[in-house]
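Q: File coords19.cif follows (mmCIF, C-alpha atoms and all ligand atoms):
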```cif
data_coords
loop_
_atom_site.label_atom_id
_atom_site.label_comp_id
_atom_site.auth_asym_id
_atom_site.auth_seq_id
_atom_site.Cartn_x
_atom_site.Cartn_y
_atom_site.Cartn_z
CA MET V 1 30.81 126.31 45.87
CA ASN V 2 33.72 126.62 48.25
CA ALA V 3 36.97 128.44 47.50
CA ARG V 4 38.76 125.25 46.44
CA GLU V 5 35.99 124.21 44.04
CA ILE V 6 36.02 127.71 42.51
CA GLU V 7 39.78 127.48 42.07
CA ASN V 8 39.42 124.07 40.35
CA MET V 9 36.70 125.43 38.07
CA GLU V 10 38.86 128.42 37.10
CA ALA V 11 41.77 126.11 36.27
CA ILE V 12 39.50 123.95 34.05
CA ASN V 13 38.13 127.07 32.33
CA ALA V 14 41.61 128.41 31.66
CA GLU V 15 42.67 125.02 30.24
CA LEU V 16 39.55 124.84 28.07
CA ARG V 17 40.12 128.39 26.83
CA GLN V 18 43.71 127.52 25.94
CA TRP V 19 42.57 124.33 24.15
CA CYS V 20 39.98 126.31 22.13
CA HIS V 21 42.60 128.92 21.29
CA GLU V 22 45.01 126.29 19.98
CA LEU V 23 42.44 124.48 17.82
CA PRO V 24 42.91 125.25 14.10
CA LYS V 25 39.83 127.17 12.95
CA VAL V 26 37.93 128.05 9.78
CA GLU V 27 36.15 131.42 9.60
CA LEU V 28 33.57 131.61 6.82
CA HIS V 29 31.80 134.86 7.68
CA ALA V 30 33.99 137.77 8.70
CA HIS V 31 33.10 141.33 7.63
CA LEU V 32 36.22 143.46 7.21
CA ASN V 33 34.79 146.57 8.83
CA GLY V 34 33.24 144.40 11.52
CA SER V 35 36.73 143.12 12.37
CA ILE V 36 38.35 146.48 13.10
CA ARG V 37 40.20 146.51 16.43
CA ASP V 38 38.56 148.74 19.04
CA SER V 39 41.98 150.30 19.67
CA THR V 40 42.37 151.12 15.96
CA LEU V 41 38.88 152.57 15.80
CA LEU V 42 39.59 154.88 18.73
CA GLU V 43 42.90 155.93 17.17
CA LEU V 44 41.17 156.71 13.88
CA VAL V 45 38.51 158.75 15.67
CA LYS V 46 41.24 160.69 17.47
CA ASN V 47 43.11 161.37 14.22
CA HIS V 48 39.84 162.40 12.58
CA GLY V 49 39.46 164.96 15.37
CA ASP V 50 36.50 165.63 17.62
CA ASN V 51 34.90 167.72 14.91
CA GLY V 52 31.27 167.44 15.91
CA VAL V 53 30.63 164.46 13.61
CA LEU V 54 32.54 161.89 15.68
CA ILE V 55 33.32 162.39 19.34
CA SER V 56 35.73 159.97 21.03
CA LYS V 57 33.65 159.64 24.19
CA ASP V 58 30.53 158.77 22.19
CA VAL V 59 32.43 156.17 20.16
CA GLU V 60 33.85 154.63 23.36
CA GLN V 61 30.26 154.26 24.60
CA MET V 62 29.18 152.76 21.27
CA ILE V 63 31.98 150.17 21.52
CA LEU V 64 30.76 149.18 24.99
CA GLU V 65 27.21 148.77 23.71
CA LYS V 66 27.87 147.16 20.33
CA GLY V 67 26.93 143.64 21.41
CA THR V 68 23.68 144.64 23.03
CA SER V 69 21.44 144.93 19.94
CA LEU V 70 21.44 144.81 16.15
CA ARG V 71 20.62 148.54 16.06
CA LYS V 72 23.65 149.43 18.22
CA CYS V 73 25.83 147.24 16.04
CA PHE V 74 24.72 149.02 12.85
CA GLU V 75 25.22 152.42 14.51
CA LEU V 76 28.86 151.49 14.94
CA PHE V 77 29.14 150.32 11.31
CA ALA V 78 28.13 153.86 10.29
CA VAL V 79 31.15 155.14 12.25
CA TYR V 80 33.50 152.63 10.61
CA HIS V 81 32.25 153.77 7.23
CA VAL V 82 33.10 157.41 7.94
CA LEU V 83 36.63 156.45 8.99
CA ALA V 84 37.69 153.56 6.76
CA THR V 85 37.36 155.25 3.39
CA ASP V 86 40.93 156.01 2.40
CA HIS V 87 43.43 153.57 0.96
CA GLU V 88 45.88 153.61 3.89
CA THR V 89 43.16 152.86 6.44
CA VAL V 90 41.66 150.04 4.34
CA LYS V 91 45.15 148.54 3.97
CA ARG V 92 45.77 148.83 7.70
CA ILE V 93 42.47 147.29 8.85
CA THR V 94 42.91 144.39 6.41
CA LYS V 95 46.43 143.66 7.68
CA GLU V 96 45.29 143.84 11.30
CA ALA V 97 42.17 141.72 10.76
CA VAL V 98 44.16 138.90 9.12
CA GLU V 99 46.85 139.04 11.80
CA ASP V 100 44.18 138.89 14.53
CA PHE V 101 42.46 135.87 12.98
CA ALA V 102 45.84 134.15 12.54
CA ALA V 103 46.71 134.87 16.18
CA ASP V 104 43.52 132.99 17.10
CA ASN V 105 44.78 130.06 15.01
CA CYS V 106 42.38 130.60 12.16
CA ILE V 107 43.84 128.76 9.17
CA TYR V 108 41.19 129.57 6.54
CA LEU V 109 39.47 132.94 6.39
CA GLU V 110 36.70 134.15 4.09
CA LEU V 111 36.79 137.91 4.43
CA ARG V 112 33.92 139.89 2.97
CA THR V 113 33.79 143.60 2.42
CA THR V 114 31.74 146.22 0.61
CA PRO V 115 33.92 147.99 -1.97
CA LYS V 116 33.40 151.70 -1.38
CA LYS V 117 33.88 154.85 -3.43
CA ASN V 118 35.28 158.03 -1.97
CA GLU V 119 35.81 160.64 -4.66
CA ALA V 120 37.43 163.07 -2.20
CA LYS V 121 40.24 160.52 -1.63
CA GLY V 122 40.37 159.27 -5.23
CA MET V 123 38.93 155.94 -4.17
CA THR V 124 37.00 153.72 -6.56
CA LYS V 125 35.52 150.31 -5.79
CA ARG V 126 38.51 148.77 -7.60
CA SER V 127 41.12 150.84 -5.77
CA TYR V 128 39.38 149.98 -2.46
CA MET V 129 39.90 146.29 -3.30
CA ASP V 130 43.50 146.96 -4.36
CA ALA V 131 44.03 148.46 -0.89
CA VAL V 132 42.58 145.27 0.64
CA ILE V 133 45.09 143.20 -1.35
CA ASP V 134 47.88 145.59 -0.30
CA GLY V 135 46.80 144.91 3.29
CA LEU V 136 47.12 141.16 2.71
CA LYS V 137 50.60 141.66 1.27
CA ALA V 138 51.55 143.72 4.32
CA VAL V 139 50.66 140.95 6.80
CA ASP V 140 53.74 140.36 8.87
CA THR V 141 53.08 137.69 11.47
CA VAL V 142 51.96 134.83 9.22
CA ASP V 143 52.26 133.67 5.60
CA VAL V 144 49.20 134.43 3.48
CA ASP V 145 47.89 132.25 0.67
CA LEU V 146 45.49 134.14 -1.58
CA CYS V 147 43.86 132.03 -4.26
CA GLY V 148 46.74 129.61 -4.46
CA CYS V 149 49.26 132.46 -4.82
CA GLU V 150 51.55 132.81 -1.88
CA LEU V 151 51.83 136.48 -1.10
CA THR V 152 55.41 137.38 -0.38
CA ASN V 153 55.19 137.50 3.38
CA LYS V 154 57.63 134.67 3.96
CA LYS V 155 60.28 135.56 6.50
CA ASN V 156 63.63 134.08 5.42
CA GLY V 157 61.83 131.08 3.89
CA ASP V 158 61.05 129.74 7.37
CA TRP V 159 58.78 126.73 6.69
CA ARG V 160 57.72 126.57 10.35
CA ARG V 161 55.89 129.88 10.11
CA LYS V 162 52.12 129.78 10.39
CA LYS V 163 50.06 130.12 7.23
CA ILE V 164 46.55 131.42 6.65
CA PHE V 165 44.48 130.81 3.52
CA VAL V 166 42.46 133.93 2.71
CA ARG V 167 39.61 134.23 0.22
CA LEU V 168 37.60 137.38 -0.49
CA LEU V 169 33.91 138.05 -1.04
CA LEU V 170 32.57 141.36 -2.29
CA SER V 171 29.54 142.58 -0.37
CA ILE V 172 26.58 144.39 -1.81
CA ASN V 173 24.86 146.51 0.79
CA ARG V 174 21.08 146.34 0.54
CA SER V 175 20.88 150.13 0.77
CA GLU V 176 23.05 150.57 -2.35
CA ALA V 177 21.57 151.63 -5.68
CA THR V 178 21.11 149.01 -8.42
CA SER V 179 23.94 150.51 -10.48
CA ALA V 180 26.34 150.21 -7.52
CA ALA V 181 25.28 146.58 -7.00
CA ILE V 182 25.95 145.77 -10.67
CA GLU V 183 29.33 147.50 -10.45
CA THR V 184 30.25 145.25 -7.50
CA VAL V 185 29.15 142.07 -9.31
CA ASN V 186 31.24 143.10 -12.34
CA LEU V 187 34.20 143.85 -10.08
CA ALA V 188 33.88 140.42 -8.46
CA MET V 189 34.00 138.84 -11.93
CA GLU V 190 37.04 140.95 -12.82
CA MET V 191 38.82 139.81 -9.66
CA LYS V 192 37.90 136.13 -9.71
CA ASP V 193 41.52 135.12 -10.26
CA MET V 194 42.69 137.44 -7.51
CA GLY V 195 41.21 135.64 -4.52
CA VAL V 196 37.58 136.73 -4.95
CA VAL V 197 35.40 133.64 -4.61
CA GLY V 198 31.91 135.08 -4.31
CA ILE V 199 29.58 137.92 -3.53
CA ASP V 200 27.70 138.61 -0.33
CA LEU V 201 24.39 140.33 0.30
CA SER V 202 24.48 142.32 3.51
CA GLY V 203 23.39 145.46 5.30
CA ASP V 204 20.98 146.67 7.92
CA PRO V 205 17.88 144.45 7.58
CA THR V 206 15.66 147.35 8.63
CA VAL V 207 16.82 149.61 5.75
CA GLY V 208 15.95 149.28 2.05
CA GLN V 209 14.55 146.36 0.06
CA TRP V 210 16.38 143.34 -1.34
CA ASP V 211 14.15 143.44 -4.42
CA THR V 212 16.24 146.31 -5.80
CA VAL V 213 19.44 144.29 -5.67
CA LEU V 214 17.99 140.91 -6.64
CA THR V 215 16.47 142.40 -9.79
CA SER V 216 19.90 143.68 -10.82
CA ALA V 217 21.52 140.32 -10.11
CA ARG V 218 18.90 138.48 -12.19
CA THR V 219 19.41 140.92 -15.07
CA ARG V 220 23.13 140.27 -14.92
CA GLN V 221 22.54 136.51 -14.84
CA LYS V 222 20.54 136.72 -18.06
CA THR V 223 23.13 138.82 -19.85
CA GLY V 224 26.43 137.56 -18.49
CA PRO V 225 28.17 134.64 -16.81
CA SER V 226 26.45 133.14 -13.79
CA CYS V 227 27.95 134.82 -10.78
CA TYR V 228 25.08 135.42 -8.41
CA SER V 229 25.99 133.09 -5.59
CA SER V 230 29.50 131.93 -6.35
CA LEU V 231 32.24 132.71 -8.79
CA ARG V 232 33.89 129.30 -8.75
C1 LIG D 301 23.43 140.20 11.45
N1 LIG D 301 24.69 140.70 10.97
C2 LIG D 301 24.80 141.35 9.79
N2 LIG D 301 23.76 141.37 8.93
C3 LIG D 301 23.87 142.03 7.75
N3 LIG D 301 24.99 142.72 7.37
C4 LIG D 301 26.03 142.72 8.21
C5 LIG D 301 26.00 142.05 9.44
N4 LIG D 301 27.17 142.25 10.07
C6 LIG D 301 27.93 143.02 9.22
N5 LIG D 301 27.22 143.30 8.12
C7 LIG D 301 27.64 144.12 6.96
O1 LIG D 301 29.05 144.31 6.98
C8 LIG D 301 29.35 145.70 6.87
C9 LIG D 301 30.68 146.00 7.53
O2 LIG D 301 31.74 145.47 6.75
P1 LIG D 301 32.24 146.07 5.36
O3 LIG D 301 31.99 147.55 5.39
O4 LIG D 301 31.44 145.40 4.28
O5 LIG D 301 33.70 145.73 5.30
C10 LIG D 301 28.16 146.37 7.54
O6 LIG D 301 27.99 147.71 7.16
C11 LIG D 301 27.00 145.51 7.04
O7 LIG D 301 26.62 145.90 5.74
#
```
Translate the structure of the given file into structure tokens.

A:
Amino acid sequence: MNAREIENMEAINAELRQWCHELPKVELHAHLNGSIRDSTLLELVKNHGDNGVLISKDVEQMILEKGTSLRKCFELFAVYHVLATDHETVKRITKEAVEDFAADNCIYLELRTTPKKNEAKGMTKRSYMDAVIDGLKAVDTVDVDLCGCELTNKKNGDWRRKKIFVRLLLSINRSEATSAAIETVNLAMEMKDMGVVGIDLSGDPTVGQWDTVLTSARTRQKTGPSCYSSLR
């Protein structure tokens, strides 16, 4: 290819990229902790302090390698889970994730996350989810519709502002105990009028057995309302 042909190709690529960016999109499978900005992650690590558990340089390397294998990807999830276990951080990463999807012209987002407990920070699975909803309410750059309720993000009633429809799924991690899985299913039922539309089964496929979780879900199906695959 000569210089002129390369220039033409670059112009077409830039145009195509712009066209893809502008297309309205639907995202059906976003994990909250998998959507944390790299810049936020590094800031959280810094605030956490290089205390021997997390070292900024190591995390920078992990970010560079995260797309190279499933193992590397799950190594980074372990870091997210050390850092994103207080209410303020959960609120922040939710706000940022929704704003990032909206900036990419995503108009419908199904965001899934594993409700986590952190006794040291007074966090329960329910208060984790309340922090997620606080994050949605804090979204600034776009209007958010959660379950038909418009969250009050409207800026001066400007009807031209972009809008994103957000629905939530509660994840059960395959390495969780049966009791924790049941607690998450019950929480999903409790929050079905608050934007929660389903549950999700996730986690490192090389760790634990699904049998543990599936047994608990079947037990729940026999004793309560059907909620295994969808709440609506
Ligand atoms: C092949 N890809 C995948 N397979 C299985 N589980 C995955 C995943 N990608 C992400 N997760 C799940 O999402 C969690 C992070 O978000 P939350 O902490 O829930 O917000 C990961 O810990 C993992 O359980």

Q: Which chain V residues have any atom within 8 Å of an atom of ligand LIG 301 (chain D), and for each, what is the nearest pair of atoms with distance in Å to one decimal, counting all atoms listed in the file, rows sorted by chain and number, as CSV?

A:
```
residue,atom,partner,partner_atom,distance
V:His31,CA,D:LIG301,O2,4.4
V:Leu32,CA,D:LIG301,O5,3.9
V:Asn33,CA,D:LIG301,O5,3.8
V:Gly34,CA,D:LIG301,C9,5.0
V:Ser35,CA,D:LIG301,O2,7.9
V:Leu70,CA,D:LIG301,C1,6.9
V:Cys73,CA,D:LIG301,N4,7.9
V:Phe74,CA,D:LIG301,O6,6.7
V:Phe77,CA,D:LIG301,O6,5.0
V:Ala78,CA,D:LIG301,O6,6.9
V:Tyr80,CA,D:LIG301,O3,7.4
V:His81,CA,D:LIG301,O3,6.5
V:Arg112,CA,D:LIG301,O4,6.2
V:Thr113,CA,D:LIG301,O4,3.5
V:Thr114,CA,D:LIG301,O4,3.8
V:Pro115,CA,D:LIG301,O4,7.2
V:Leu170,CA,D:LIG301,O4,7.8
V:Ser171,CA,D:LIG301,O4,5.8
V:Ile172,CA,D:LIG301,O7,7.7
V:Asn173,CA,D:LIG301,O7,5.3
V:Arg174,CA,D:LIG301,O7,7.6
V:Leu201,CA,D:LIG301,N3,7.5
V:Ser202,CA,D:LIG301,N3,3.9
V:Gly203,CA,D:LIG301,O7,3.3
V:Asp204,CA,D:LIG301,C3,5.5
V:Pro205,CA,D:LIG301,C3,6.5
```

Q: Please measure the separation of CA of Ala103 (chain V) and CA of Asp145 (chain V), giving the value in Å to one decimal.

A: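 Going from CA of Ala103 (chain V) over to CA of Asp145 (chain V), I get 15.8 Å.
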
Q: Can you tell me, as a list in words, which residues sit within 6 Å of (53.7, 132.0, 8.5) in the file's frame, using only C-alpha atoms?

A: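 Answer for this query, in the requested form: Val142, Asp143, Arg161, Lys162 and Lys163 of chain V.
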
Q: Measuring between all atoms listed in the file, which one of V:Met194, V:Ala177, V:Leu151, V:Ile107 shows the shortest distance to Met129 (chain V)?

A: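 For Met129 (chain V), the nearest of the given residues is V:Met194.
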
Q: Measuring between all atoms listed in the file, which one of V:Lys66, V:Lys91, V:Lys46, V:Arg17 shows the shortest distance to Lys137 (chain V)?

A: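 Ranking V:Lys66, V:Lys91, V:Lys46, V:Arg17 by distance to Lys137 (chain V), first place goes to V:Lys91.
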
Q: What does the structure give for the distance between CA of Arg167 (chain V) and CA of Glu110 (chain V), in Å to one decimal?

A: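 CA of Arg167 (chain V) sits 4.8 Å away from CA of Glu110 (chain V).
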
Q: Give the answer as one residue: which of V:Lys95, V:Glu119, V:Leu41, V:Arg71 has the shortest atom-to-atom distance to Val59 (chain V), using all atoms listed in the file?

A: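 Going through V:Lys95, V:Glu119, V:Leu41, V:Arg71 one by one, the smallest distance to Val59 (chain V) is for V:Leu41.
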
Q: Give me, as a PDB file with C-alpha atoms, in the frame of the given file, all polymer residues having an atom no more than 9 Å from Met62 (chain V), counting only C-alpha atoms and skipping those fewer than 6 positions away in the same chain.

A:
```pdb
ATOM      1  CA  LYS V  72      23.650 149.430  18.220  1.00  0.00           C
ATOM      2  CA  CYS V  73      25.830 147.240  16.040  1.00  0.00           C
ATOM      3  CA  GLU V  75      25.220 152.420  14.510  1.00  0.00           C
ATOM      4  CA  LEU V  76      28.860 151.490  14.940  1.00  0.00           C
TER       5      LEU V  76
END
```

Q: If you measure from CA of Met123 (chain V) to CA of Glu176 (chain V), what distance in Å do you get, rounded to one decimal?

A: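 CA of Glu176 (chain V) lies at a distance of 16.9 Å from CA of Met123 (chain V).
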
Q: Check the smallest atom-to-atom distance from each of V:Ala180, V:Val185, V:Val213, V:Leu109 to Pro24 (chain V) using only C-alpha atoms, then report the winner.

A: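 Closest candidate: V:Leu109.
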
Q: Have a look at V:Asp211, V:Val139, V:Ile12, V:Gly49 and name the one nearest to Phe101 (chain V); count all atoms listed in the file.

A: V:Val139
